[in-house]
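J.: What follows is run-v1.txt, compact mmCIF, C-alpha atoms and all ligand atoms.
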```
# COMPACT_ATOMS: atom_id res chain seq x y z
CA MET B 123 -16.45 4.09 -21.62
CA HIS B 124 -16.24 2.96 -18.00
CA GLY B 125 -19.20 1.03 -16.68
CA ARG B 126 -19.52 -1.32 -19.64
CA GLY B 127 -21.30 -4.53 -18.79
CA HIS B 128 -18.94 -7.33 -17.80
CA ASN B 129 -20.10 -9.55 -20.63
CA THR B 130 -19.82 -7.03 -23.39
CA VAL B 131 -16.88 -7.58 -25.69
CA ALA B 132 -15.09 -4.39 -26.75
CA VAL B 133 -12.29 -4.67 -29.32
CA LEU B 134 -9.68 -2.03 -30.15
CA PHE B 135 -7.50 -2.48 -33.25
CA VAL B 136 -4.13 -0.75 -33.09
CA CYS B 137 -1.44 0.04 -35.69
CA LEU B 138 1.14 2.82 -35.90
CA GLY B 139 -0.68 5.69 -37.60
CA ASN B 140 -4.35 4.60 -37.42
CA ILE B 141 -4.77 5.54 -41.08
CA CYS B 142 -4.06 2.26 -42.94
CA ARG B 143 -4.16 -1.11 -41.19
CA SER B 144 -6.25 -0.58 -38.07
CA PRO B 145 -9.03 1.36 -39.88
CA MET B 146 -9.20 -1.53 -42.40
CA ALA B 147 -9.20 -4.02 -39.50
CA GLU B 148 -12.03 -2.09 -37.84
CA GLY B 149 -14.04 -2.07 -41.07
CA ALA B 150 -13.44 -5.75 -41.81
CA PHE B 151 -14.30 -6.70 -38.24
CA ARG B 152 -17.55 -4.67 -38.24
CA ALA B 153 -18.54 -6.44 -41.48
CA ALA B 154 -17.59 -9.88 -40.09
CA ALA B 155 -19.52 -9.26 -36.85
CA ALA B 156 -22.57 -8.06 -38.80
CA ARG B 157 -22.51 -11.21 -40.96
CA ARG B 158 -22.65 -13.34 -37.78
CA GLY B 159 -25.09 -11.08 -35.91
CA PHE B 160 -22.45 -10.55 -33.20
CA GLU B 161 -22.79 -7.29 -31.30
CA CYS B 162 -19.84 -5.66 -29.60
CA HIS B 163 -18.06 -2.35 -29.28
CA VAL B 164 -15.35 -1.70 -31.90
CA ASP B 165 -12.80 1.07 -32.44
CA SER B 166 -9.24 1.61 -33.69
CA ALA B 167 -6.27 3.74 -32.66
CA GLY B 168 -2.58 4.30 -33.36
CA THR B 169 0.44 4.13 -31.09
CA ALA B 170 1.79 7.31 -32.74
CA SER B 171 0.39 10.83 -32.83
CA TYR B 172 1.30 11.86 -36.41
CA HIS B 173 -2.14 11.49 -37.96
CA ILE B 174 -4.54 12.41 -35.14
CA GLY B 175 -7.85 13.67 -36.60
CA HIS B 176 -7.10 12.46 -40.14
CA PRO B 177 -9.39 10.19 -42.18
CA PRO B 178 -7.94 6.87 -43.33
CA ASP B 179 -5.38 6.89 -46.17
CA PRO B 180 -7.23 7.23 -49.54
CA ARG B 181 -5.77 3.87 -50.61
CA ALA B 182 -7.19 2.19 -47.49
CA ILE B 183 -10.59 3.80 -48.12
CA ALA B 184 -10.55 2.65 -51.77
CA THR B 185 -9.54 -0.91 -50.92
CA ALA B 186 -12.24 -1.26 -48.26
CA GLU B 187 -14.82 0.32 -50.58
CA ALA B 188 -13.89 -2.11 -53.38
CA ASN B 189 -14.76 -4.84 -50.88
CA GLY B 190 -18.10 -3.29 -49.94
CA VAL B 191 -17.02 -1.66 -46.66
CA THR B 192 -17.06 2.10 -46.02
CA ILE B 193 -14.38 3.37 -43.63
CA SER B 194 -14.17 7.01 -44.76
CA SER B 195 -15.92 8.44 -41.68
CA GLN B 196 -13.27 7.08 -39.31
CA ARG B 197 -10.84 9.61 -37.77
CA ALA B 198 -7.41 8.71 -36.42
CA ARG B 199 -6.70 8.90 -32.72
CA GLN B 200 -3.88 7.80 -30.46
CA ILE B 201 -4.31 5.00 -27.93
CA GLU B 202 -4.94 6.44 -24.46
CA ARG B 203 -4.93 5.29 -20.85
CA ASN B 204 -8.67 4.67 -20.58
CA ASP B 205 -8.55 2.25 -23.54
CA PHE B 206 -6.76 -0.29 -21.35
CA TYR B 207 -9.84 -0.50 -19.10
CA ALA B 208 -12.67 0.27 -21.53
CA PHE B 209 -11.73 -2.44 -24.05
CA THR B 210 -11.71 -6.17 -23.29
CA HIS B 211 -9.30 -6.90 -26.16
CA ILE B 212 -6.60 -4.73 -27.75
CA LEU B 213 -5.22 -6.24 -30.94
CA ALA B 214 -1.97 -5.10 -32.51
CA MET B 215 -1.27 -5.35 -36.25
CA ASP B 216 2.46 -6.18 -35.80
CA SER B 217 5.00 -6.80 -33.08
CA ALA B 218 6.27 -3.21 -33.11
CA ASN B 219 2.71 -2.06 -32.38
CA LEU B 220 2.55 -4.66 -29.61
CA VAL B 221 5.70 -3.22 -28.02
CA GLY B 222 4.25 0.30 -28.33
CA ILE B 223 0.97 -0.74 -26.74
CA ARG B 224 2.68 -2.56 -23.85
CA ALA B 225 4.91 0.47 -23.26
CA GLN B 226 1.82 2.63 -22.78
CA ALA B 227 -0.18 0.10 -20.73
CA PRO B 228 -0.94 1.01 -17.12
CA ARG B 229 0.15 -1.68 -14.62
CA ASP B 230 -3.43 -2.55 -13.74
CA ALA B 231 -4.73 -2.68 -17.33
CA THR B 232 -7.64 -5.10 -17.69
CA ALA B 233 -7.68 -5.46 -21.49
CA ARG B 234 -6.18 -8.59 -23.05
CA ILE B 235 -3.45 -7.48 -25.42
CA GLY B 236 -2.43 -9.60 -28.40
CA LEU B 237 -1.51 -9.85 -32.06
CA PHE B 238 -4.45 -9.78 -34.48
CA LEU B 239 -3.26 -12.74 -36.63
CA ASP B 240 -2.89 -14.90 -33.49
CA ALA B 241 -6.64 -15.49 -33.91
CA VAL B 242 -5.91 -17.45 -37.10
CA GLU B 243 -4.72 -21.08 -36.94
CA GLY B 244 -1.31 -21.38 -38.54
CA ARG B 245 -0.73 -17.60 -38.78
CA GLY B 246 0.16 -16.94 -35.14
CA GLY B 247 2.97 -14.44 -34.65
CA GLU B 248 2.64 -13.05 -38.17
CA PRO B 249 2.25 -9.30 -38.84
CA ILE B 250 -0.33 -7.46 -40.86
CA ARG B 251 2.34 -5.83 -43.02
CA ASP B 252 2.55 -2.02 -43.11
CA PRO B 253 1.37 -0.93 -46.61
CA TYR B 254 2.10 2.79 -46.12
CA TYR B 255 5.17 2.86 -48.39
CA GLY B 256 3.72 0.20 -50.69
CA ASP B 257 1.25 0.09 -53.56
CA GLU B 258 -2.28 -1.12 -54.26
CA SER B 259 -1.27 -4.77 -54.07
CA ASP B 260 0.00 -4.21 -50.52
CA PHE B 261 -3.35 -2.71 -49.53
CA ASP B 262 -5.12 -5.69 -51.12
CA ALA B 263 -2.91 -8.04 -49.09
CA VAL B 264 -3.82 -6.13 -45.91
CA TRP B 265 -7.52 -6.46 -46.73
CA GLN B 266 -7.18 -10.23 -47.26
CA ASP B 267 -5.34 -10.64 -43.96
CA VAL B 268 -7.62 -8.43 -41.86
CA THR B 269 -10.69 -10.18 -43.30
CA LEU B 270 -9.25 -13.60 -42.46
CA ALA B 271 -8.32 -12.49 -38.96
CA ALA B 272 -11.63 -10.70 -38.38
CA ASP B 273 -13.65 -13.79 -39.31
CA ALA B 274 -11.55 -15.96 -36.99
CA LEU B 275 -11.72 -13.40 -34.17
CA VAL B 276 -15.51 -13.14 -34.38
CA GLU B 277 -15.80 -16.93 -34.08
CA ARG B 278 -13.50 -16.96 -31.03
CA LEU B 279 -15.44 -14.13 -29.41
CA ILE B 280 -18.77 -15.81 -30.06
CA ARG B 281 -17.37 -18.97 -28.44
CA ASP B 282 -15.44 -17.48 -25.50
CA GLY B 283 -16.77 -13.92 -25.07
CA VAL B 284 -14.70 -11.61 -22.89
CA GLU B 285 -12.62 -14.63 -21.77
CA ALA B 286 -11.22 -15.19 -25.28
CA ARG B 287 -7.42 -15.46 -25.34
CA PHE B 288 -5.09 -15.48 -28.28
P1 LIG F 301 -0.66 2.37 -40.35
O1 LIG F 301 0.36 2.85 -41.50
O2 LIG F 301 0.18 2.18 -39.11
O3 LIG F 301 -1.16 1.07 -40.89
O4 LIG F 301 -1.71 3.41 -40.21
C1 LIG F 301 1.22 3.93 -41.33
C2 LIG F 301 0.75 5.20 -41.37
C3 LIG F 301 1.60 6.28 -41.23
C4 LIG F 301 2.95 6.04 -41.06
C5 LIG F 301 3.44 4.76 -41.02
C6 LIG F 301 2.56 3.69 -41.15
N1 LIG F 301 3.84 7.15 -40.96
O5 LIG F 301 5.05 6.93 -40.85
O6 LIG F 301 3.38 8.30 -40.98
```
Written as structure tokens, how would this file's structure read?
Ligand code: 4NP
T.:
Amino acid sequence: MHGRGHNTVAVLFVCLGNICRSPMAEGAFRAAAARRGFECHVDSAGTASYHIGHPPDPRAIATAEANGVTISSQRARQIERNDFYAFTHILAMDSANLVGIRAQAPRDATARIGLFLDAVEGRGGEPIRDPYYGDESDFDAVWQDVTLAADALVERLIRDGVEARF
């Protein structure tokens, strides 16, 4: 992951378990980038270790699939030290994730760390709500929010590249 070109955007989406929100964010962002012909590196991770190696939650897979996006081949991993250098942008789903990411960040981290919904006008500071203990409607709400944020993020990255700030 080191040695990436300076102008190549690399985005890491981060939630708690890396089985619900950030896999959906990754899928929605890949779809949004493909629609705009925007090429960049994309991955997702969790701040916690509970689900390492697991596929996304079946409800997350079903929701993405219902929206034409396949996320079933993703496998959960925990955020690691190298991510803070290899990625240009690390985007948290909620403020607890943001605290977890900052707690693990090396002092000389180069990635810009922010909240995913900060990319959306009028939604700054808002969380992508954790659907883990919820039902199908909560997963649908996550999909709506990650799609909105992904579209906005792609536009910002097309405009500002690695310099994009949120
Ligand atoms: P995620 O959802 O952070 O969106 O992947 C969760 C997944 C697992 C747990 C909590 C939230 N858990 O407590 O195991």
J.: Residues at most 10 Å from ligand LIG 301 (chain F), using all atoms listed in the file? Could they come as a ChimeraX atom specification?
T.: /B:136-147,167-173,178-179,182,198,215-216,219,250-255,261,264
J.: Pick out the residues sitting within 12 Å of Glu243 of chain B, and hand them over as a PDB file with C-alpha atoms, in the coordinates of the input; count all atoms listed in the file, and ignore anything fewer than 5 positions along from it in its own chain.
T.:
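The result, written out as around.pdb:
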```
ATOM      1  CA  PHE B 238      -4.450  -9.780 -34.480  1.00  0.00           C
ATOM      2  CA  GLU B 248       2.640 -13.050 -38.170  1.00  0.00           C
ATOM      3  CA  LEU B 270      -9.250 -13.600 -42.460  1.00  0.00           C
ATOM      4  CA  ALA B 271      -8.320 -12.490 -38.960  1.00  0.00           C
ATOM      5  CA  ASP B 273     -13.650 -13.790 -39.310  1.00  0.00           C
ATOM      6  CA  ALA B 274     -11.550 -15.960 -36.990  1.00  0.00           C
ATOM      7  CA  LEU B 275     -11.720 -13.400 -34.170  1.00  0.00           C
ATOM      8  CA  ARG B 278     -13.500 -16.960 -31.030  1.00  0.00           C
ATOM      9  CA  PHE B 288      -5.090 -15.480 -28.280  1.00  0.00           C
TER      10      PHE B 288
END
```
J.: Return as AutoDock Vina command-line options the box centre and box size in Å, one decimal, for an axis-aligned box around all listed atoms of segment 146-153 of chain B padded by 3 Å per side.
T.:
```
--center_x -13.9 --center_y -4.1 --center_z -40.1 --size_x 15.3 --size_y 11.2 --size_z 10.6
```
J.: One number please: atom CA of His176 of chain B to atom CA of Gly149 of chain B, in Å, one decimal.
T.: 16.1 Å
J.: Which of these residues is nearest to Arg197 of chain B, using only C-alpha atoms: B:Ala233, B:Ala184, B:Ile174, B:Ile280?
T.: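 For Arg197 of chain B, the nearest of the given residues is B:Ile174.
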J.: With 8 Å as the threshold, what does the neighbourhood of (-16.0, -7.4, -25.6) contain in terms of residues, counting all atoms listed in the file? Coordinates are those of the file; answer as a VMD selection string.
T.: chain B and resid 129 to 133 162 to 163 209 to 211 279 283 to 284
J.: For atom CA of Val164 of chain B and atom CA of Ser259 of chain B, determine how far apart the two atoms are, in Å to one decimal place.
T.: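 A separation of 26.4 Å between them.
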J.: Have segment 204-215 of chain B completed to all heavy atoms, please, and pass it along as a PDB file, in the coordinates of the input.
T.:
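As a result, result-v4.pdb now contains:
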```
ATOM      1  N   ASN B 204      -7.368   5.259 -20.846  1.00  0.00           N
ATOM      2  CA  ASN B 204      -8.670   4.670 -20.580  1.00  0.00           C
ATOM      3  C   ASN B 204      -8.957   3.448 -21.452  1.00  0.00           C
ATOM      4  O   ASN B 204      -9.732   2.564 -21.069  1.00  0.00           O
ATOM      5  CB  ASN B 204      -9.773   5.714 -20.770  1.00  0.00           C
ATOM      6  CG  ASN B 204     -11.132   5.204 -20.334  1.00  0.00           C
ATOM      7  OD1 ASN B 204     -11.300   4.756 -19.194  1.00  0.00           O
ATOM      8  ND2 ASN B 204     -12.102   5.230 -21.245  1.00  0.00           N
ATOM      9  N   ASP B 205      -8.330   3.390 -22.636  1.00  0.00           N
ATOM     10  CA  ASP B 205      -8.550   2.250 -23.540  1.00  0.00           C
ATOM     11  C   ASP B 205      -8.197   0.922 -22.878  1.00  0.00           C
ATOM     12  O   ASP B 205      -8.803  -0.109 -23.188  1.00  0.00           O
ATOM     13  CB  ASP B 205      -7.710   2.400 -24.814  1.00  0.00           C
ATOM     14  CG  ASP B 205      -8.160   3.554 -25.694  1.00  0.00           C
ATOM     15  OD1 ASP B 205      -9.370   3.853 -25.719  1.00  0.00           O
ATOM     16  OD2 ASP B 205      -7.291   4.152 -26.358  1.00  0.00           O
ATOM     17  N   PHE B 206      -7.224   0.944 -21.979  1.00  0.00           N
ATOM     18  CA  PHE B 206      -6.760  -0.290 -21.350  1.00  0.00           C
ATOM     19  C   PHE B 206      -7.751  -0.847 -20.334  1.00  0.00           C
ATOM     20  O   PHE B 206      -7.588  -1.974 -19.858  1.00  0.00           O
ATOM     21  CB  PHE B 206      -5.390  -0.060 -20.692  1.00  0.00           C
ATOM     22  CG  PHE B 206      -4.302   0.190 -21.708  1.00  0.00           C
ATOM     23  CD1 PHE B 206      -3.966   1.485 -22.087  1.00  0.00           C
ATOM     24  CD2 PHE B 206      -3.649  -0.869 -22.309  1.00  0.00           C
ATOM     25  CE1 PHE B 206      -2.976   1.712 -23.028  1.00  0.00           C
ATOM     26  CE2 PHE B 206      -2.658  -0.654 -23.258  1.00  0.00           C
ATOM     27  CZ  PHE B 206      -2.321   0.644 -23.617  1.00  0.00           C
ATOM     28  N   TYR B 207      -8.775  -0.061 -20.001  1.00  0.00           N
ATOM     29  CA  TYR B 207      -9.840  -0.500 -19.100  1.00  0.00           C
ATOM     30  C   TYR B 207     -11.165  -0.647 -19.848  1.00  0.00           C
ATOM     31  O   TYR B 207     -11.979  -1.498 -19.533  1.00  0.00           O
ATOM     32  CB  TYR B 207     -10.019   0.490 -17.947  1.00  0.00           C
ATOM     33  CG  TYR B 207      -8.725   0.805 -17.241  1.00  0.00           C
ATOM     34  CD1 TYR B 207      -8.002   1.959 -17.541  1.00  0.00           C
ATOM     35  CD2 TYR B 207      -8.202  -0.086 -16.303  1.00  0.00           C
ATOM     36  CE1 TYR B 207      -6.792   2.238 -16.917  1.00  0.00           C
ATOM     37  CE2 TYR B 207      -6.992   0.185 -15.676  1.00  0.00           C
ATOM     38  CZ  TYR B 207      -6.306   1.346 -15.988  1.00  0.00           C
ATOM     39  OH  TYR B 207      -5.106   1.607 -15.373  1.00  0.00           O
ATOM     40  N   ALA B 208     -11.384   0.222 -20.825  1.00  0.00           N
ATOM     41  CA  ALA B 208     -12.670   0.270 -21.530  1.00  0.00           C
ATOM     42  C   ALA B 208     -12.813  -0.881 -22.534  1.00  0.00           C
ATOM     43  O   ALA B 208     -13.924  -1.305 -22.830  1.00  0.00           O
ATOM     44  CB  ALA B 208     -12.818   1.604 -22.246  1.00  0.00           C
ATOM     45  N   PHE B 209     -11.683  -1.361 -23.064  1.00  0.00           N
ATOM     46  CA  PHE B 209     -11.730  -2.440 -24.050  1.00  0.00           C
ATOM     47  C   PHE B 209     -11.351  -3.767 -23.391  1.00  0.00           C
ATOM     48  O   PHE B 209     -10.479  -3.812 -22.521  1.00  0.00           O
ATOM     49  CB  PHE B 209     -10.805  -2.136 -25.240  1.00  0.00           C
ATOM     50  CG  PHE B 209     -11.354  -1.022 -26.087  1.00  0.00           C
ATOM     51  CD1 PHE B 209     -11.056   0.310 -25.807  1.00  0.00           C
ATOM     52  CD2 PHE B 209     -12.229  -1.292 -27.138  1.00  0.00           C
ATOM     53  CE1 PHE B 209     -11.607   1.348 -26.548  1.00  0.00           C
ATOM     54  CE2 PHE B 209     -12.786  -0.267 -27.898  1.00  0.00           C
ATOM     55  CZ  PHE B 209     -12.475   1.054 -27.605  1.00  0.00           C
ATOM     56  N   THR B 210     -12.038  -4.839 -23.816  1.00  0.00           N
ATOM     57  CA  THR B 210     -11.710  -6.170 -23.290  1.00  0.00           C
ATOM     58  C   THR B 210     -10.529  -6.765 -24.046  1.00  0.00           C
ATOM     59  O   THR B 210      -9.780  -7.570 -23.492  1.00  0.00           O
ATOM     60  CB  THR B 210     -12.920  -7.122 -23.389  1.00  0.00           C
ATOM     61  OG1 THR B 210     -13.373  -7.184 -24.756  1.00  0.00           O
ATOM     62  CG2 THR B 210     -14.058  -6.623 -22.500  1.00  0.00           C
ATOM     63  N   HIS B 211     -10.373  -6.367 -25.330  1.00  0.00           N
ATOM     64  CA  HIS B 211      -9.300  -6.900 -26.160  1.00  0.00           C
ATOM     65  C   HIS B 211      -8.674  -5.768 -26.976  1.00  0.00           C
ATOM     66  O   HIS B 211      -9.396  -5.010 -27.635  1.00  0.00           O
ATOM     67  CB  HIS B 211      -9.826  -7.976 -27.110  1.00  0.00           C
ATOM     68  CG  HIS B 211     -10.344  -9.187 -26.401  1.00  0.00           C
ATOM     69  ND1 HIS B 211     -11.618  -9.237 -25.861  1.00  0.00           N
ATOM     70  CD2 HIS B 211      -9.762 -10.376 -26.123  1.00  0.00           C
ATOM     71  CE1 HIS B 211     -11.783 -10.414 -25.279  1.00  0.00           C
ATOM     72  NE2 HIS B 211     -10.685 -11.125 -25.423  1.00  0.00           N
ATOM     73  N   ILE B 212      -7.355  -5.695 -26.934  1.00  0.00           N
ATOM     74  CA  ILE B 212      -6.600  -4.730 -27.750  1.00  0.00           C
ATOM     75  C   ILE B 212      -5.708  -5.549 -28.668  1.00  0.00           C
ATOM     76  O   ILE B 212      -4.869  -6.331 -28.198  1.00  0.00           O
ATOM     77  CB  ILE B 212      -5.775  -3.778 -26.864  1.00  0.00           C
ATOM     78  CG1 ILE B 212      -6.711  -2.946 -25.978  1.00  0.00           C
ATOM     79  CG2 ILE B 212      -4.897  -2.869 -27.735  1.00  0.00           C
ATOM     80  CD1 ILE B 212      -5.991  -2.000 -25.005  1.00  0.00           C
ATOM     81  N   LEU B 213      -5.908  -5.398 -29.980  1.00  0.00           N
ATOM     82  CA  LEU B 213      -5.220  -6.240 -30.940  1.00  0.00           C
ATOM     83  C   LEU B 213      -4.279  -5.430 -31.823  1.00  0.00           C
ATOM     84  O   LEU B 213      -4.702  -4.532 -32.563  1.00  0.00           O
ATOM     85  CB  LEU B 213      -6.246  -6.997 -31.779  1.00  0.00           C
ATOM     86  CG  LEU B 213      -7.084  -7.946 -30.894  1.00  0.00           C
ATOM     87  CD1 LEU B 213      -8.223  -8.552 -31.681  1.00  0.00           C
ATOM     88  CD2 LEU B 213      -6.218  -9.035 -30.295  1.00  0.00           C
ATOM     89  N   ALA B 214      -3.011  -5.782 -31.760  1.00  0.00           N
ATOM     90  CA  ALA B 214      -1.970  -5.100 -32.510  1.00  0.00           C
ATOM     91  C   ALA B 214      -1.841  -5.703 -33.902  1.00  0.00           C
ATOM     92  O   ALA B 214      -2.031  -6.903 -34.101  1.00  0.00           O
ATOM     93  CB  ALA B 214      -0.635  -5.247 -31.775  1.00  0.00           C
ATOM     94  N   MET B 215      -1.457  -4.862 -34.878  1.00  0.00           N
ATOM     95  CA  MET B 215      -1.270  -5.350 -36.250  1.00  0.00           C
ATOM     96  C   MET B 215       0.099  -6.022 -36.412  1.00  0.00           C
ATOM     97  O   MET B 215       0.224  -6.946 -37.198  1.00  0.00           O
ATOM     98  CB  MET B 215      -1.396  -4.202 -37.262  1.00  0.00           C
ATOM     99  CG  MET B 215      -2.767  -3.534 -37.270  1.00  0.00           C
ATOM    100  SD  MET B 215      -4.136  -4.640 -37.704  1.00  0.00           S
ATOM    101  CE  MET B 215      -5.020  -4.676 -36.156  1.00  0.00           C
TER     102      MET B 215
END
```
